[in-house]
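Text of the file protein25.cif, holding mmCIF, C-alpha atoms:
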```cif
data_coords
loop_
_atom_site.label_atom_id
_atom_site.label_comp_id
_atom_site.auth_asym_id
_atom_site.auth_seq_id
_atom_site.Cartn_x
_atom_site.Cartn_y
_atom_site.Cartn_z
CA MET A 1 0.00 0.00 0.00
CA ASN A 2 1.95 2.99 -1.31
CA ILE A 3 0.22 6.37 -0.97
CA ALA A 4 1.01 9.48 -3.05
CA PHE A 5 0.26 12.81 -1.40
CA VAL A 6 0.32 15.34 -4.24
CA VAL A 7 1.46 18.85 -3.27
CA PHE A 8 1.93 22.04 -5.30
CA ASP A 9 2.66 25.74 -4.93
CA GLY A 10 -0.37 27.64 -3.68
CA MET A 11 -2.15 24.61 -2.22
CA THR A 12 -3.98 24.61 1.11
CA THR A 13 -1.77 22.32 3.22
CA LEU A 14 -4.56 21.30 5.60
CA ASP A 15 -6.39 19.82 2.57
CA PHE A 16 -3.87 16.99 2.48
CA LEU A 17 -2.55 17.07 6.04
CA GLY A 18 -5.79 15.92 7.69
CA ALA A 19 -5.85 12.80 5.53
CA PHE A 20 -2.06 12.43 5.85
CA ASP A 21 -2.36 12.35 9.64
CA ALA A 22 -5.08 9.70 9.62
CA LEU A 23 -3.52 7.48 6.92
CA THR A 24 0.07 7.57 8.18
CA ARG A 25 -1.18 6.43 11.62
CA LEU A 26 -1.91 3.05 10.00
CA LYS A 27 1.87 2.60 10.22
CA THR A 28 3.00 4.94 13.03
CA MET A 29 0.46 3.38 15.43
CA GLY A 30 1.61 -0.12 14.40
CA PHE A 31 -1.51 -1.39 12.60
CA ARG A 32 -0.03 -1.90 9.12
CA ASP A 33 3.68 -2.33 8.44
CA ASP A 34 3.13 -2.40 4.67
CA VAL A 35 1.83 1.17 4.35
CA GLU A 36 4.28 3.61 2.75
CA TRP A 37 3.84 7.16 1.46
CA ARG A 38 5.58 9.83 -0.57
CA ILE A 39 5.09 13.58 -0.82
CA CYS A 40 4.85 14.05 -4.60
CA ALA A 41 5.34 17.25 -6.56
CA ARG A 42 6.63 18.55 -9.87
CA THR A 43 9.37 20.48 -8.05
CA PRO A 44 11.70 19.60 -5.12
CA THR A 45 9.95 22.03 -2.76
CA VAL A 46 6.53 23.67 -2.76
CA GLN A 47 5.19 26.73 -0.94
CA ASP A 48 1.57 26.63 0.17
CA GLY A 49 -0.90 29.51 -0.05
CA ALA A 50 0.17 30.80 3.38
CA GLY A 51 3.94 30.57 2.77
CA LEU A 52 4.65 27.19 4.39
CA ILE A 53 7.45 25.38 2.52
CA LEU A 54 7.42 21.58 2.25
CA GLN A 55 9.97 19.25 0.68
CA ALA A 56 8.81 16.69 -1.85
CA GLN A 57 10.23 13.17 -1.60
CA TYR A 58 9.28 12.15 -5.13
CA PHE A 59 9.28 14.78 -7.83
CA ASP A 60 8.72 15.12 -11.54
CA ARG A 61 8.15 11.39 -11.86
CA PRO A 62 5.08 9.46 -13.03
CA LEU A 63 2.42 8.62 -10.43
CA SER A 64 1.40 5.29 -11.95
CA ASP A 65 2.90 2.94 -9.34
CA PHE A 66 0.92 4.12 -6.32
CA ASP A 67 -2.08 2.36 -4.75
CA LEU A 68 -3.78 5.52 -3.52
CA LEU A 69 -3.37 9.14 -4.63
CA LEU A 70 -4.63 12.22 -2.80
CA VAL A 71 -4.94 15.68 -4.37
CA PRO A 72 -5.49 18.80 -2.23
CA GLY A 73 -7.02 22.09 -3.31
CA GLY A 74 -6.22 25.75 -2.81
CA PHE A 75 -6.27 29.01 -4.76
CA ALA A 76 -3.67 27.66 -7.20
CA THR A 77 -6.17 25.14 -8.57
CA ARG A 78 -7.72 28.01 -10.55
CA HIS A 79 -4.65 28.27 -12.80
CA LEU A 80 -3.61 24.61 -12.56
CA GLU A 81 -6.98 23.68 -14.12
CA GLN A 82 -5.53 25.25 -17.32
CA ASP A 83 -1.97 23.93 -16.89
CA GLU A 84 -1.68 21.04 -19.34
CA ALA A 85 1.77 20.00 -18.10
CA PHE A 86 0.44 19.68 -14.55
CA LEU A 87 -2.70 17.88 -15.75
CA ASP A 88 -0.62 15.48 -17.85
CA TRP A 89 1.40 14.66 -14.72
CA LEU A 90 -1.83 13.96 -12.80
CA ARG A 91 -3.04 11.79 -15.69
CA THR A 92 -0.07 9.45 -15.09
CA ALA A 93 -2.16 8.29 -12.09
CA GLU A 94 -4.88 6.94 -14.39
CA SER A 95 -4.22 3.32 -13.38
CA VAL A 96 -4.04 4.09 -9.63
CA PRO A 97 -6.88 2.05 -8.05
CA ARG A 98 -7.98 4.70 -5.53
CA ILE A 99 -7.86 8.45 -6.22
CA ALA A 100 -9.11 11.06 -3.75
CA SER A 101 -9.33 14.83 -3.47
CA VAL A 102 -10.15 17.44 -0.86
CA CYS A 103 -11.68 20.87 -1.45
CA THR A 104 -10.94 22.31 -4.92
CA GLY A 105 -8.60 19.40 -5.59
CA SER A 106 -11.64 17.88 -7.31
CA LEU A 107 -11.42 20.63 -9.95
CA LEU A 108 -7.97 19.25 -10.81
CA LEU A 109 -9.30 15.68 -10.96
CA GLY A 110 -12.08 17.03 -13.16
CA ALA A 111 -9.76 18.95 -15.48
CA ALA A 112 -7.62 15.81 -15.79
CA GLY A 113 -10.73 13.88 -16.91
CA PHE A 114 -11.13 11.62 -13.87
CA LEU A 115 -14.67 12.74 -12.99
CA HIS A 116 -16.38 12.21 -16.35
CA GLY A 117 -19.84 10.71 -15.72
CA ARG A 118 -19.28 10.58 -11.95
CA THR A 119 -20.76 12.15 -8.81
CA ALA A 120 -18.32 14.33 -6.87
CA THR A 121 -18.04 17.16 -4.37
CA THR A 122 -15.77 20.12 -3.58
CA HIS A 123 -15.58 23.26 -1.44
CA PRO A 124 -19.10 24.76 -1.28
CA SER A 125 -17.81 27.92 -3.04
CA ALA A 126 -16.86 25.78 -6.06
CA PHE A 127 -19.99 23.62 -6.48
CA GLY A 128 -20.84 25.55 -9.66
CA ASP A 129 -17.33 25.23 -11.11
CA LEU A 130 -17.24 21.49 -10.47
CA ALA A 131 -20.45 20.91 -12.44
CA ARG A 132 -18.66 21.21 -15.81
CA TYR A 133 -16.44 18.21 -15.02
CA CYS A 134 -18.86 15.63 -13.61
CA ALA A 135 -22.35 14.17 -14.00
CA ARG A 136 -23.63 15.32 -10.60
CA VAL A 137 -22.34 17.60 -7.83
CA SER A 138 -23.12 16.29 -4.35
CA HIS A 139 -23.15 18.47 -1.22
CA ASP A 140 -22.17 15.49 1.00
CA ARG A 141 -18.96 15.75 3.03
CA ILE A 142 -17.46 12.59 1.49
CA VAL A 143 -18.55 11.25 -1.91
CA GLU A 144 -17.35 7.88 -3.15
CA ASP A 145 -17.99 6.94 -6.78
CA GLY A 146 -16.09 3.87 -7.95
CA PRO A 147 -12.35 4.49 -7.61
CA ILE A 148 -12.78 8.24 -6.96
CA THR A 149 -13.53 9.69 -3.53
CA THR A 150 -13.95 13.46 -3.21
CA ALA A 151 -14.31 15.49 -0.02
CA ARG A 152 -15.77 18.96 0.60
CA GLY A 153 -13.90 21.95 2.11
CA VAL A 154 -10.55 22.04 3.93
CA THR A 155 -11.32 20.28 7.24
CA SER A 156 -13.14 17.43 5.48
CA SER A 157 -9.60 16.16 4.81
CA ILE A 158 -9.78 14.58 8.28
CA ASP A 159 -13.09 12.84 7.48
CA LEU A 160 -11.64 11.65 4.16
CA GLY A 161 -8.56 10.27 5.89
CA LEU A 162 -10.70 8.32 8.36
CA HIS A 163 -12.96 7.12 5.53
CA LEU A 164 -9.94 5.77 3.61
CA VAL A 165 -8.49 4.23 6.79
CA GLY A 166 -11.80 2.39 7.23
CA GLN A 167 -11.63 1.11 3.64
CA ILE A 168 -8.03 -0.08 4.04
CA ALA A 169 -8.08 -1.47 7.59
CA GLY A 170 -11.71 -1.78 8.75
CA PRO A 171 -13.96 0.01 11.23
CA GLU A 172 -12.16 -0.99 14.44
CA ILE A 173 -8.81 0.50 13.42
CA ARG A 174 -10.60 3.55 12.01
CA GLU A 175 -12.19 4.08 15.44
CA ARG A 176 -8.85 3.70 17.26
CA ILE A 177 -7.23 6.26 14.93
CA ARG A 178 -10.18 8.63 15.33
CA LEU A 179 -9.81 8.48 19.11
CA GLN A 180 -6.03 9.00 18.92
CA MET A 181 -6.65 12.06 16.70
CA ASP A 182 -9.19 13.21 19.34
CA TYR A 183 -11.69 13.92 16.56
CA PRO A 184 -15.24 14.28 17.88
CA ILE A 185 -17.06 13.53 14.60
CA HIS A 186 -17.86 9.84 14.00
CA MET B 187 0.36 40.72 15.26
CA ASN B 188 3.32 38.44 14.61
CA ILE B 189 2.71 34.73 15.20
CA ALA B 190 5.40 32.12 15.89
CA PHE B 191 4.55 28.56 14.88
CA VAL B 192 7.12 26.40 16.65
CA VAL B 193 8.09 23.18 14.84
CA PHE B 194 10.56 20.41 15.70
CA ASP B 195 11.71 16.97 14.58
CA GLY B 196 9.19 14.29 15.54
CA MET B 197 6.25 16.66 15.99
CA THR B 198 2.73 15.90 14.79
CA THR B 199 2.27 18.44 11.98
CA LEU B 200 -1.53 18.53 12.24
CA ASP B 201 -1.09 19.82 15.82
CA PHE B 202 0.05 23.16 14.45
CA LEU B 203 -1.43 23.05 10.97
CA GLY B 204 -5.08 23.24 12.06
CA ALA B 205 -4.40 26.45 13.97
CA PHE B 206 -2.07 27.68 11.20
CA ASP B 207 -4.87 27.32 8.65
CA ALA B 208 -7.38 29.24 10.77
CA LEU B 209 -4.99 32.01 11.88
CA THR B 210 -3.34 32.67 8.52
CA ARG B 211 -6.81 33.14 6.98
CA LEU B 212 -7.01 36.39 8.97
CA LYS B 213 -4.64 37.69 6.28
CA THR B 214 -5.21 35.45 3.26
CA MET B 215 -8.97 36.11 3.37
CA GLY B 216 -8.31 39.87 3.68
CA PHE B 217 -9.56 40.52 7.22
CA ARG B 218 -6.30 41.69 8.81
CA ASP B 219 -3.35 43.08 6.83
CA ASP B 220 -1.19 43.36 9.97
CA VAL B 221 -1.03 39.64 10.73
CA GLU B 222 2.34 38.01 10.00
CA TRP B 223 3.74 34.60 10.90
CA ARG B 224 6.98 32.63 10.94
CA ILE B 225 7.71 28.91 11.10
CA CYS B 226 10.21 28.77 13.99
CA ALA B 227 12.66 25.98 14.76
CA ARG B 228 16.11 25.34 16.17
CA THR B 229 17.23 23.96 12.80
CA PRO B 230 16.66 25.08 9.17
CA THR B 231 14.41 22.09 8.41
CA VAL B 232 12.42 19.70 10.57
CA GLN B 233 10.99 16.25 9.86
CA ASP B 234 7.71 15.36 11.53
CA GLY B 235 6.83 12.01 13.08
CA ALA B 236 5.55 10.71 9.74
CA GLY B 237 8.52 11.87 7.64
CA LEU B 238 7.11 15.15 6.30
CA ILE B 239 9.89 17.74 5.94
CA LEU B 240 9.15 21.44 6.52
CA GLN B 241 11.43 24.44 6.16
CA ALA B 242 11.73 26.89 9.04
CA GLN B 243 11.70 30.59 8.22
CA TYR B 244 13.20 31.70 11.52
CA PHE B 245 15.65 29.41 13.24
CA ASP B 246 17.86 29.30 16.29
CA ARG B 247 16.79 32.81 17.29
CA PRO B 248 14.99 34.04 20.41
CA LEU B 249 11.18 33.98 20.38
CA SER B 250 10.70 37.11 22.50
CA ASP B 251 9.43 39.48 19.79
CA PHE B 252 6.28 37.58 18.84
CA ASP B 253 2.71 38.42 19.89
CA LEU B 254 1.45 34.84 19.85
CA LEU B 255 3.35 31.56 20.04
CA LEU B 256 1.97 28.10 19.26
CA VAL B 257 3.64 24.82 20.28
CA PRO B 258 2.55 21.47 18.79
CA GLY B 259 2.99 18.02 20.31
CA GLY B 260 4.07 14.63 19.05
CA PHE B 261 6.15 11.66 20.20
CA ALA B 262 9.29 13.83 20.34
CA THR B 263 7.88 15.78 23.29
CA ARG B 264 8.83 12.83 25.50
CA HIS B 265 12.56 13.52 25.04
CA LEU B 266 12.24 17.30 24.51
CA GLU B 267 10.74 17.53 28.02
CA GLN B 268 14.28 16.67 29.22
CA ASP B 269 16.16 18.75 26.62
CA GLU B 270 17.34 21.86 28.47
CA ALA B 271 18.65 23.57 25.32
CA PHE B 272 15.24 23.22 23.68
CA LEU B 273 13.43 24.34 26.84
CA ASP B 274 15.75 27.35 27.19
CA TRP B 275 14.83 28.31 23.63
CA LEU B 276 11.11 28.03 24.49
CA ARG B 277 11.72 30.13 27.62
CA THR B 278 12.82 33.03 25.38
CA ALA B 279 9.04 33.37 24.72
CA GLU B 280 8.39 34.24 28.39
CA SER B 281 7.32 37.80 27.53
CA VAL B 282 5.07 36.74 24.60
CA PRO B 283 1.55 37.87 25.59
CA ARG B 284 -0.30 34.82 24.22
CA ILE B 285 1.14 31.30 24.29
CA ALA B 286 -0.78 28.24 23.10
CA SER B 287 -0.22 24.52 22.70
CA VAL B 288 -1.94 21.55 21.09
CA CYS B 289 -1.79 17.91 22.23
CA THR B 290 1.42 17.03 24.13
CA GLY B 291 2.80 20.48 23.30
CA SER B 292 1.49 21.39 26.76
CA LEU B 293 4.10 19.02 28.27
CA LEU B 294 6.75 21.27 26.69
CA LEU B 295 5.08 24.42 28.04
CA GLY B 296 4.96 22.68 31.41
CA ALA B 297 8.60 21.58 31.34
CA ALA B 298 9.56 25.16 30.41
CA GLY B 299 7.69 26.38 33.51
CA PHE B 300 4.81 28.19 31.78
CA LEU B 301 2.02 26.17 33.45
CA HIS B 302 2.98 26.61 37.10
CA GLY B 303 -0.21 27.16 39.13
CA ARG B 304 -2.40 27.06 36.01
CA THR B 305 -5.19 24.90 34.59
CA ALA B 306 -4.29 23.19 31.31
CA THR B 307 -5.12 20.27 29.02
CA THR B 308 -3.36 17.88 26.64
CA HIS B 309 -3.95 14.68 24.66
CA PRO B 310 -6.13 12.36 26.79
CA SER B 311 -3.29 9.79 26.87
CA ALA B 312 -1.09 12.38 28.64
CA PHE B 313 -3.50 13.77 31.25
CA GLY B 314 -1.49 12.01 33.99
CA ASP B 315 1.87 13.29 32.69
CA LEU B 316 0.61 16.87 32.52
CA ALA B 317 -0.42 16.85 36.19
CA ARG B 318 3.17 17.32 37.39
CA TYR B 319 3.46 20.66 35.59
CA CYS B 320 0.21 22.45 36.46
CA ALA B 321 -2.29 23.04 39.25
CA ARG B 322 -5.21 21.32 37.52
CA VAL B 323 -5.66 19.14 34.42
CA SER B 324 -8.87 19.90 32.53
CA HIS B 325 -10.49 17.48 30.06
CA ASP B 326 -12.03 20.36 28.08
CA ARG B 327 -11.11 20.70 24.41
CA ILE B 328 -9.77 24.26 24.79
CA VAL B 329 -8.55 25.62 28.16
CA GLU B 330 -7.67 29.29 28.54
CA ASP B 331 -5.89 30.39 31.73
CA GLY B 332 -4.51 33.93 31.56
CA PRO B 333 -1.99 34.18 28.72
CA ILE B 334 -1.82 30.40 28.19
CA THR B 335 -4.33 28.48 26.06
CA THR B 336 -3.94 24.71 25.77
CA ALA B 337 -5.88 22.36 23.49
CA ARG B 338 -6.47 18.59 23.70
CA GLY B 339 -5.50 16.00 21.04
CA VAL B 340 -4.37 16.55 17.43
CA THR B 341 -7.58 17.74 15.72
CA SER B 342 -8.31 20.24 18.52
CA SER B 343 -5.72 22.38 16.71
CA ILE B 344 -8.57 23.53 14.46
CA ASP B 345 -10.73 24.50 17.44
CA LEU B 346 -7.77 26.30 19.01
CA GLY B 347 -7.13 28.23 15.80
CA LEU B 348 -10.76 29.34 15.62
CA HIS B 349 -10.69 30.24 19.33
CA LEU B 350 -7.61 32.45 18.81
CA VAL B 351 -9.12 33.97 15.65
CA GLY B 352 -12.16 34.93 17.76
CA GLN B 353 -9.93 36.57 20.38
CA ILE B 354 -7.97 38.50 17.76
CA ALA B 355 -10.75 39.48 15.35
CA GLY B 356 -14.12 38.81 16.99
CA PRO B 357 -16.95 36.31 16.53
CA GLU B 358 -18.11 37.42 13.07
CA ILE B 359 -14.73 36.88 11.41
CA ARG B 360 -14.29 33.64 13.36
CA GLU B 361 -17.59 32.42 11.88
CA ARG B 362 -16.60 33.41 8.31
CA ILE B 363 -13.30 31.55 8.67
CA ARG B 364 -15.06 28.49 10.16
CA LEU B 365 -17.39 28.39 7.15
CA GLN B 366 -14.50 28.80 4.69
CA MET B 367 -12.71 25.90 6.43
CA ASP B 368 -15.98 23.94 6.11
CA TYR B 369 -15.67 22.94 9.78
CA PRO B 370 -18.95 21.59 11.19
CA ILE B 371 -18.17 22.21 14.89
CA HIS B 372 -19.20 25.65 16.21
#
```
For this file, write the structure as structure tokens.
Amino acid sequence: MNIAFVVFDGMTTLDFLGAFDALTRLKTMGFRDDVEWRICARTPTVQDGAGLILQAQYFDRPLSDFDLLLVPGGFATRHLEQDEAFLDWLRTAESVPRIASVCTGSLLLGAAGFLHGRTATTHPSAFGDLARYCARVSHDRIVEDGPITTARGVTSSIDLGLHLVGQIAGPEIRERIRLQMDYPIH
Amino acid sequence: MNIAFVVFDGMTTLDFLGAFDALTRLKTMGFRDDVEWRICARTPTVQDGAGLILQAQYFDRPLSDFDLLLVPGGFATRHLEQDEAFLDWLRTAESVPRIASVCTGSLLLGAAGFLHGRTATTHPSAFGDLARYCARVSHDRIVEDGPITTARGVTSSIDLGLHLVGQIAGPEIRERIRLQMDYPIH
């Protein structure tokens, strides 16, 4: 189980970090030794929308060999939706069996063609923008449609992380991770 | 309003990132032009407990000139509690008017002497450990005692950030930021 956390300049870090915290606990809390992850970008470092600088561990390489890919959102999605080089990089994840997004990350999945004919969600401010990429826009916090799971605004990253933990490791481990994260929403 | 976000090797990034997201929105959403922040560490980069590498913007310098300081937790707090060089660096924040922690970050505030005679909280797994540093351990999610505000486990970072936003900018802006973060807990 190798997880790709996609990052880019101008992202909202919390969009991926909530899910990162939940998913990486599969290993750090000792439940699953086979879970690995990489911070993936097109550049060696990225700077988020509030100036936080992160280092990528896997950059400018195809995303095809991962088992799960997560794409955050942020203001930068508005120009990345038009950035064919970025979208082509995302499209290298086409064969990845589980693909997820948080917030306006779903606009990037949409622009890359992953949402065609599907139901998806995004930040409430972008419900209208998402409509052009998918069959139906849902207002639910987590929306799973086949291999694609999309989550709503920023903090829904935590709910998405717990949802994916439940898929990977079952409800009991999900509950233990939720308690360790001290998250009050079941 | 200059905010110090303290980071260190082995921290839990979500412990500071939830509050970072809420507080930095004071500026990025256009409410307060005078809000600034720095990622503060003793080293130029830090690696969190799950391998994520962040760059510090302000390192190995005293913390005395900030208006608000936030300390995260993580497994590393268990050895940093005994690390006098680290604690001496934290003590340079003694004159900072608002100091906050998330999760086991309160053990570091306690070891640095900031919780003497105060009521504080921490991750539920560390309630017993916190008792040696303060007058009373609270199980509340956010505990404010004079200049020190402590928050419970990992995800309470978001609640802490919104709490501090409310103190700095009032309830209306707090509510607009909560909605933008799509956080369901009032």
How close does chain B get to chain A? List, as CSV, each residue of chain B within 7 Å, its nearest atom pair and the distance in Å to one decimal, counting all atoms listed in the file.
```
residue,atom,partner,partner_atom,distance
B:Leu200,CA,A:Leu17,CA,6.5
B:Leu203,CA,A:Leu14,CA,6.5
B:Gly204,CA,A:Leu14,CA,6.8
B:Asp207,CA,A:Leu14,CA,6.8
B:Thr210,CA,A:Ala50,CA,6.5
B:Ala236,CA,A:Thr24,CA,6.5
B:Ile239,CA,A:Gln55,CA,5.5
B:Leu240,CA,A:Leu54,CA,4.6
B:Gln241,CA,A:Ile53,CA,5.5
B:Gly339,CA,A:Asp182,CA,4.9
B:Val340,CA,A:Met181,CA,5.1
B:Thr341,CA,A:Tyr183,CA,5.7
B:Met367,CA,A:Val154,CA,5.1
B:Asp368,CA,A:Gly153,CA,4.9
B:Tyr369,CA,A:Thr155,CA,5.7
```
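Pairwise distance (CA of Val35 in chain A, CA of Val257 in chain B) equals 28.6 Å.
If you count all atoms listed in the file and draw a sphere of 6 Å around (-10.6, 23.2, -5.9), the protein and nucleic acid residues inside it come out as Gly73, Gly74, Thr77, Cys103, Thr104, Gly105, Ser106 and Leu107 of chain A.
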Tell me which protein, DNA and RNA residues are within 10 Å of Ile142 in chain A, counting all atoms listed in the file, leaving out same-chain ones fewer than 3 positions away, and put them as a VMD selection string.
chain A and resid 100 to 102 120 to 122 138 to 139 149 to 152 156 to 157 159 to 160 163
Write a file of the selected residues as a short mmCIF file (atom, residue, chain, number, x, y, z; two decimals), in the frame of the given file, keeping C-alpha atoms.
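Result went into result.cif, see below:
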```cif
data_model
loop_
_atom_site.label_atom_id
_atom_site.label_comp_id
_atom_site.auth_asym_id
_atom_site.auth_seq_id
_atom_site.Cartn_x
_atom_site.Cartn_y
_atom_site.Cartn_z
CA ALA A 100 -9.11 11.06 -3.75
CA SER A 101 -9.33 14.83 -3.47
CA VAL A 102 -10.15 17.44 -0.86
CA ALA A 120 -18.32 14.33 -6.87
CA THR A 121 -18.04 17.16 -4.37
CA THR A 122 -15.77 20.12 -3.58
CA SER A 138 -23.12 16.29 -4.35
CA HIS A 139 -23.15 18.47 -1.22
CA THR A 149 -13.53 9.69 -3.53
CA THR A 150 -13.95 13.46 -3.21
CA ALA A 151 -14.31 15.49 -0.02
CA ARG A 152 -15.77 18.96 0.60
CA SER A 156 -13.14 17.43 5.48
CA SER A 157 -9.60 16.16 4.81
CA ASP A 159 -13.09 12.84 7.48
CA LEU A 160 -11.64 11.65 4.16
CA HIS A 163 -12.96 7.12 5.53
#
```
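Between Leu295 in chain B and the residues B:Asp251, B:Glu267, B:Asp315, B:Glu361, the shortest atom-to-atom distance, using all atoms listed in the file, involves B:Glu267.
Applied to this file, the PyMOL selection byres ((chain B and resi 319) around 7) selects the residues B:Gly296, B:Ala297, B:Leu301, B:His302, B:Leu316, B:Ala317, B:Arg318, B:Cys320.
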Report as a ChimeraX atom specification all protein, DNA and RNA residues lying within 7 Å of Thr278 in chain B, evaluated on all atoms listed in the file, omitting residues in the same chain fewer than 3 positions from it.
/B:248-250,274-275
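Checking A:Ile177, A:Asp140, A:Gly30, A:Phe5 one by one against Leu162 in chain A, counting only C-alpha atoms, you find the shortest gap at A:Ile177.
Taking CA of Val143 in chain A as the reference point, CA of Val165 in chain A is found at 15.0 Å.
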CA of Ala112 in chain A to CA of Leu87 in chain A, straight-line distance in Å
5.3 Å
For the structure provided, state which residues fall under the PyMOL selection byres ((chain B and resi 255) around 8), and present them as JSON, numbers by chain.
{"B": [189, 190, 191, 192, 252, 253, 254, 256, 257, 279, 282, 284, 285, 286]}
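The smallest atom-to-atom distance between Val7 in chain A and any of A:Cys40, A:Met29, A:Ile168, A:Leu23, using all atoms listed in the file, is found for A:Cys40.
The closest residue to Pro147 in chain A, picked from A:Pro72, A:Pro97, A:Gly113, A:Gly166 and counting all atoms listed in the file, is A:Pro97.
Candidate residues B:Asp219, B:Thr229, B:Met187, B:Gly347 were compared for distance to Phe202 in chain B, and the nearest is B:Gly347, using all atoms listed in the file.
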